[in-house]
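First comes the structure, then the notes that go with it.
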Amino acid sequence: MSMRQEYKAKIVSKEYLNEDTLFFVLECPDIAAAAVPGQFVNISCDKFLKRPFGIASADKDKGTVSVGVKIIGEGTKNLSELEAGDIVDILGPLGNGFDIESYDSYILAGGGTGVFPLNFAYETLTAMGKEVATVFGFRDRSQVIMEKDGHVITTDAGDYGIKGTVIAGLDSLELKGNPCVLVVGPTPMMRGVGEWARSLGLKCFVSTEQHMACGVGICLVCVCRVKSDNPEEEYKHVRCCKDGPVFDYEEVIL
Ligand SMILES: Cc1cc2nc3c(=O)[nH]c(=O)nc-3n(C[C@H](O)[C@H](O)[C@H](O)COP(=O)(O)OP(=O)(O)OC[C@H]3O[C@@H](n4cnc5c(N)ncnc54)[C@H](O)[C@@H]3O)c2cc1C
Ligand code: FES
């Protein structure tokens with residue numbers, strides 16, 4: 001569960017993964033100790049609002065958390081200009097996180113910056129001894145990041161890994177048992193993977209990346225819709241930052 005605390009965190013290291021995406025390791029022992037995969041942190045930049053980033057890794061022993069940052073606009077550009085030793089304000093861990101307990105095996109499917117929270121899920125689930133298959137999809141070879149031994153990589157251009165979308169990668173898996181599918185990426189990709197999972201009768205959870213402001217459930221900037229249990233209403237509004245960002249694919253309206 002979120003502890004919703006704000007800390008000062010020192011940047012331990014900063015590394016470019018490709019021309020517009022960086023990986024930061026931050027010193028923040030409390031967040032490292034409390035974080036579960038699928039949760040996110042809000043990090044300060046030189047703009048008014050903090051920006052949300054999925055936790056890409058957490059090392060309880062070293063007291064560090066890592067995030068991947070793709071440069072999108074001014075806030076992420078400012079973050080990219082920070083250096084090791086600089087201090088940021090960091091709020092977290094935020095959100096609900098994935099259910100990593102209830103299943104023996106998992107399929108992680110991601111694209112874009114979704115590979116970051118899934119990296120944390122991969123590290124945690126493998127450390128728990130669970131069976132994990134990972135499929136990451138990218139535009140082309142130059143975009144491939146966070147690849148680990150055994151990961152299935154797909155590229156639209158076909159210049160690396162399997163040619164096609166993550167669905168081609170998922171189709172290449174030898175399915176055993178009833179794995180739970182966790183998916184983070186652009187909405188069309190999450191829908192595609194959600195439908196793939198549904199066609200096979202597999203449970204699927206998606207992590208929504210709605211625009212956010214407060215990140216802690218107050219401002220309602222991030223609302224999305226989930227199916228309602230009430231027969232009088234088709235759906236109800238929930239806050240992605242607090243009630244999510246992880247939702248059951250069968251419940252959330254993407
Ligand atoms: C739960 C969650 C997890 C995320 N994880 C990552 C991650 O691991 N790595 C990563 O690079 N990016 C991630 N993002 C997207 C990232 O927050 C945005 O790219 C970033 O906020 C853009 O800020 P900006 O100032 O550069 O761009 P601007 O476009 O100037 O942003 C202006 C405002 O819009 C919001 N905003 C813009 N794009 C997004 C977006 N895609 N999602 C949500 N809010 C947005 C910003 O927070 C800000 O309030 C995540 C977003 C959410 C909601
Ligand atoms: S971002 Fe403010 S309620 Fe979710």
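Residue names in the structure tokens use chain letters A, B, ... in the order shown, residue numbers from 1 in each chain, and ligand numbers from 1 in the order shown.
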
Contacts of ligand 2, 10 Å or closer, only C-alpha atoms and all ligand atoms, given as a VMD selection string: chain A and resid 52 95 210 to 224 238 to 245

Env. residues ligand 1 / 6 Å / only C-alpha atoms and all ligand atoms / as number ranges by chain: A: 40, 49, 51-54, 67-77, 113, 116, 209-213, 245

Can you write just those residues out, N, CA and C atoms, as an mmCIF file, in the first residue's frame?
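out_14.cif was written with the following content:
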```cif
data_model
loop_
_atom_site.group_PDB
_atom_site.id
_atom_site.type_symbol
_atom_site.label_atom_id
_atom_site.label_comp_id
_atom_site.auth_asym_id
_atom_site.auth_seq_id
_atom_site.Cartn_x
_atom_site.Cartn_y
_atom_site.Cartn_z
ATOM 1 N N PHE A 40 4.487 3.596 -8.565
ATOM 2 C CA PHE A 40 5.259 4.652 -9.212
ATOM 3 C C PHE A 40 5.681 5.696 -8.184
ATOM 4 N N LEU A 49 4.493 20.971 -11.290
ATOM 5 C CA LEU A 49 4.084 19.654 -10.796
ATOM 6 C C LEU A 49 5.209 18.631 -10.904
ATOM 7 N N ARG A 51 6.518 14.863 -11.773
ATOM 8 C CA ARG A 51 6.151 13.977 -12.887
ATOM 9 C C ARG A 51 6.156 12.520 -12.417
ATOM 10 N N PRO A 52 5.174 11.721 -12.879
ATOM 11 C CA PRO A 52 5.104 10.322 -12.430
ATOM 12 C C PRO A 52 5.980 9.369 -13.262
ATOM 13 N N PHE A 53 6.655 8.441 -12.585
ATOM 14 C CA PHE A 53 7.486 7.435 -13.259
ATOM 15 C C PHE A 53 7.325 6.096 -12.543
ATOM 16 N N GLY A 54 7.138 5.042 -13.326
ATOM 17 C CA GLY A 54 7.040 3.702 -12.761
ATOM 18 C C GLY A 54 8.368 3.317 -12.112
ATOM 19 N N VAL A 67 14.490 4.639 -11.851
ATOM 20 C CA VAL A 67 13.413 4.982 -12.792
ATOM 21 C C VAL A 67 14.021 5.204 -14.170
ATOM 22 N N GLY A 68 13.239 4.886 -15.186
ATOM 23 C CA GLY A 68 13.623 5.210 -16.564
ATOM 24 C C GLY A 68 12.830 6.422 -16.980
ATOM 25 N N VAL A 69 13.474 7.345 -17.665
ATOM 26 C CA VAL A 69 12.807 8.598 -18.044
ATOM 27 C C VAL A 69 12.980 8.838 -19.537
ATOM 28 N N LYS A 70 11.859 8.864 -20.262
ATOM 29 C CA LYS A 70 11.908 9.224 -21.679
ATOM 30 C C LYS A 70 11.625 10.719 -21.792
ATOM 31 N N ILE A 71 12.449 11.409 -22.554
ATOM 32 C CA ILE A 71 12.261 12.859 -22.685
ATOM 33 C C ILE A 71 11.066 13.116 -23.613
ATOM 34 N N ILE A 72 10.015 13.741 -23.013
ATOM 35 C CA ILE A 72 8.767 13.989 -23.732
ATOM 36 C C ILE A 72 8.544 15.490 -23.889
ATOM 37 N N GLY A 73 8.638 16.213 -22.792
ATOM 38 C CA GLY A 73 8.386 17.649 -22.787
ATOM 39 C C GLY A 73 9.397 18.334 -21.880
ATOM 40 N N GLU A 74 8.986 19.482 -21.357
ATOM 41 C CA GLU A 74 9.960 20.305 -20.626
ATOM 42 C C GLU A 74 10.391 19.694 -19.293
ATOM 43 N N GLY A 75 9.438 19.050 -18.590
ATOM 44 C CA GLY A 75 9.765 18.482 -17.281
ATOM 45 C C GLY A 75 10.794 17.361 -17.400
ATOM 46 N N THR A 76 10.563 16.459 -18.324
ATOM 47 C CA THR A 76 11.499 15.335 -18.498
ATOM 48 C C THR A 76 12.819 15.820 -19.098
ATOM 49 N N LYS A 77 12.772 16.891 -19.906
ATOM 50 C CA LYS A 77 14.028 17.469 -20.434
ATOM 51 C C LYS A 77 14.855 17.996 -19.270
ATOM 52 N N THR A 113 7.689 3.119 -22.462
ATOM 53 C CA THR A 113 8.251 3.215 -21.113
ATOM 54 C C THR A 113 7.619 2.183 -20.170
ATOM 55 N N PHE A 116 9.772 -0.287 -18.050
ATOM 56 C CA PHE A 116 10.410 0.027 -16.760
ATOM 57 C C PHE A 116 9.687 -0.640 -15.588
ATOM 58 N N GLU A 209 -1.476 4.751 -17.907
ATOM 59 C CA GLU A 209 -0.612 5.932 -17.736
ATOM 60 C C GLU A 209 -1.403 7.188 -18.099
ATOM 61 N N GLN A 210 -2.444 7.443 -17.306
ATOM 62 C CA GLN A 210 -3.246 8.655 -17.462
ATOM 63 C C GLN A 210 -2.409 9.884 -17.127
ATOM 64 N N HIS A 211 -2.744 11.034 -17.710
ATOM 65 C CA HIS A 211 -2.086 12.270 -17.257
ATOM 66 C C HIS A 211 -2.422 12.488 -15.788
ATOM 67 N N MET A 212 -1.437 12.918 -15.038
ATOM 68 C CA MET A 212 -1.630 13.083 -13.599
ATOM 69 C C MET A 212 -1.171 14.453 -13.143
ATOM 70 N N ALA A 213 -1.682 14.876 -11.996
ATOM 71 C CA ALA A 213 -1.200 16.119 -11.387
ATOM 72 C C ALA A 213 -0.734 15.811 -9.966
ATOM 73 N N PRO A 245 -2.313 2.488 -10.507
ATOM 74 C CA PRO A 245 -2.577 2.480 -11.944
ATOM 75 C C PRO A 245 -2.896 1.101 -12.524
#
```

Nearby residues (only C-alpha atoms) at most 10 Å from A:Val25, same-chain spacing under 3 positions excluded, as a count of residues only: 18

Close residues, A:Tyr160 itself excluded, 8 Å, only C-alpha atoms, min 6 positions apart in chain, as a list in words: Asp140, Arg141, Ile153 and Thr154 of chain A

Residue set, stretch 59-173 of chain A restricted to helix (DSSP H, G or I), as an MDAnalysis selection string: chainID A and resid 74:80 112:127 141:143 166:171

Kindly export the residues of the current selection with C-alpha atoms, as an mmCIF file, in the first residue's frame.
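Result file again21.cif:
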```
data_model
loop_
_atom_site.group_PDB
_atom_site.id
_atom_site.type_symbol
_atom_site.label_atom_id
_atom_site.label_comp_id
_atom_site.auth_asym_id
_atom_site.auth_seq_id
_atom_site.Cartn_x
_atom_site.Cartn_y
_atom_site.Cartn_z
ATOM 1 C CA GLU A 74 9.960 20.305 -20.626
ATOM 2 C CA GLY A 75 9.765 18.482 -17.281
ATOM 3 C CA THR A 76 11.499 15.335 -18.498
ATOM 4 C CA LYS A 77 14.028 17.469 -20.434
ATOM 5 C CA ASN A 78 14.873 19.236 -17.180
ATOM 6 C CA LEU A 79 15.224 15.896 -15.376
ATOM 7 C CA SER A 80 17.555 14.651 -18.105
ATOM 8 C CA GLY A 112 7.512 2.107 -24.658
ATOM 9 C CA THR A 113 8.251 3.215 -21.113
ATOM 10 C CA GLY A 114 6.081 0.313 -19.872
ATOM 11 C CA VAL A 115 9.242 -1.800 -19.904
ATOM 12 C CA PHE A 116 10.410 0.027 -16.760
ATOM 13 C CA PRO A 117 7.725 -1.094 -14.279
ATOM 14 C CA LEU A 118 7.810 -4.529 -15.904
ATOM 15 C CA ASN A 119 11.552 -4.738 -15.241
ATOM 16 C CA PHE A 120 10.804 -4.353 -11.526
ATOM 17 C CA ALA A 121 8.090 -7.020 -11.827
ATOM 18 C CA TYR A 122 10.557 -9.333 -13.610
ATOM 19 C CA GLU A 123 13.260 -8.890 -10.972
ATOM 20 C CA THR A 124 10.829 -9.420 -8.097
ATOM 21 C CA LEU A 125 8.946 -12.383 -9.549
ATOM 22 C CA THR A 126 12.109 -14.256 -10.573
ATOM 23 C CA ALA A 127 13.580 -13.639 -7.097
ATOM 24 C CA ARG A 141 16.607 -1.994 -32.931
ATOM 25 C CA SER A 142 17.685 1.516 -31.865
ATOM 26 C CA GLN A 143 14.799 1.625 -29.356
ATOM 27 C CA VAL A 166 4.283 -7.894 -28.952
ATOM 28 C CA ILE A 167 1.437 -10.163 -30.091
ATOM 29 C CA ALA A 168 3.880 -11.944 -32.448
ATOM 30 C CA GLY A 169 6.166 -12.404 -29.445
ATOM 31 C CA LEU A 170 3.326 -13.681 -27.261
ATOM 32 C CA ASP A 171 2.295 -16.123 -30.001
#
```

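If you look at atom CA of A:Gln39 and atom CA of A:Thr134, they are 18.7 Å away from each other.
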
Proximity to A:Phe138 - best of A:Ile43, A:Val152, A:Ile100, A:Gly111, only C-alpha atoms: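 Ranked by minimum distance to A:Phe138, first place goes to A:Gly111.
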
Within 9 Å of stretch 172-179 of chain A using only C-alpha atoms, minus same-chain residues under 4 positions, as a list in words: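 These residues fall inside the cut-off: Tyr103, Asp104, Ser105, Tyr106, Ile107, Glu131, Val132, Ala133, Val152, Ile162, Ile167, Ala168, Gly201, Leu202 and Lys203 of chain A.
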
Selected residue, from A:Met146, A:Tyr249, A:Glu83, A:Asp229, that lies nearest to A:Thr21 when counting only C-alpha atoms: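 Counting only C-alpha atoms, the residue closest to A:Thr21 is A:Met146.
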
Atom pair atom CA of A:Arg139 / atom CA of A:Leu254: separation (Å):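 Between these atoms lies a distance of 22.2 Å.
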
Nearby residues (only C-alpha atoms) at most 7 Å from A:Lys236, same-chain spacing under 3 positions excluded, as JSON, numbers by chain: {"A": [225, 226, 227, 228]}

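Comparing the minimum interatomic distances between A:Gly161 and each of A:Gly137, A:Pro186, A:Gly63, A:Pro37, counting only C-alpha atoms, we find that A:Gly137 sits nearest.
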
Strand (DSSP E or B) per DSSP on the backbone: members of stretch 61-147 of chain A, as a short mmCIF file (atom, residue, chain, number, x, y, z; two decimals) with C-alpha atoms, in the first residue's frame:
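Written output follows (states-v3.cif):
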```
data_model
loop_
_atom_site.label_atom_id
_atom_site.label_comp_id
_atom_site.auth_asym_id
_atom_site.auth_seq_id
_atom_site.Cartn_x
_atom_site.Cartn_y
_atom_site.Cartn_z
CA THR A 64 18.06 2.74 -3.97
CA VAL A 65 15.18 2.97 -6.41
CA SER A 66 15.57 3.33 -10.16
CA VAL A 67 13.41 4.98 -12.79
CA GLY A 68 13.62 5.21 -16.56
CA VAL A 69 12.81 8.60 -18.04
CA LYS A 70 11.91 9.22 -21.68
CA ILE A 87 18.93 16.16 -5.21
CA VAL A 88 15.28 15.70 -6.27
CA ASP A 89 12.06 15.65 -4.27
CA ILE A 90 10.41 12.27 -4.61
CA LEU A 91 6.95 11.20 -3.46
CA GLY A 92 6.11 7.54 -3.12
CA PRO A 93 5.66 4.72 -3.45
CA LEU A 94 2.32 5.58 -5.08
CA SER A 105 3.57 -18.00 -13.45
CA TYR A 106 3.41 -14.68 -15.23
CA ILE A 107 3.73 -13.25 -18.71
CA LEU A 108 5.02 -9.68 -18.80
CA ALA A 109 4.21 -7.78 -22.00
CA GLY A 110 5.41 -4.24 -22.53
CA GLY A 111 6.29 -1.47 -24.89
CA GLU A 131 8.02 -18.70 -13.74
CA VAL A 132 8.20 -15.56 -15.87
CA ALA A 133 8.11 -15.02 -19.64
CA THR A 134 8.80 -11.49 -20.83
CA VAL A 135 7.95 -9.98 -24.21
CA PHE A 136 9.01 -6.40 -24.99
CA GLY A 137 8.07 -4.69 -28.26
CA PHE A 138 9.87 -1.75 -29.88
#
```

Gap from atom CA of A:Met190 to atom CA of A:Glu101 - Å, one decimal: 21.8 Å
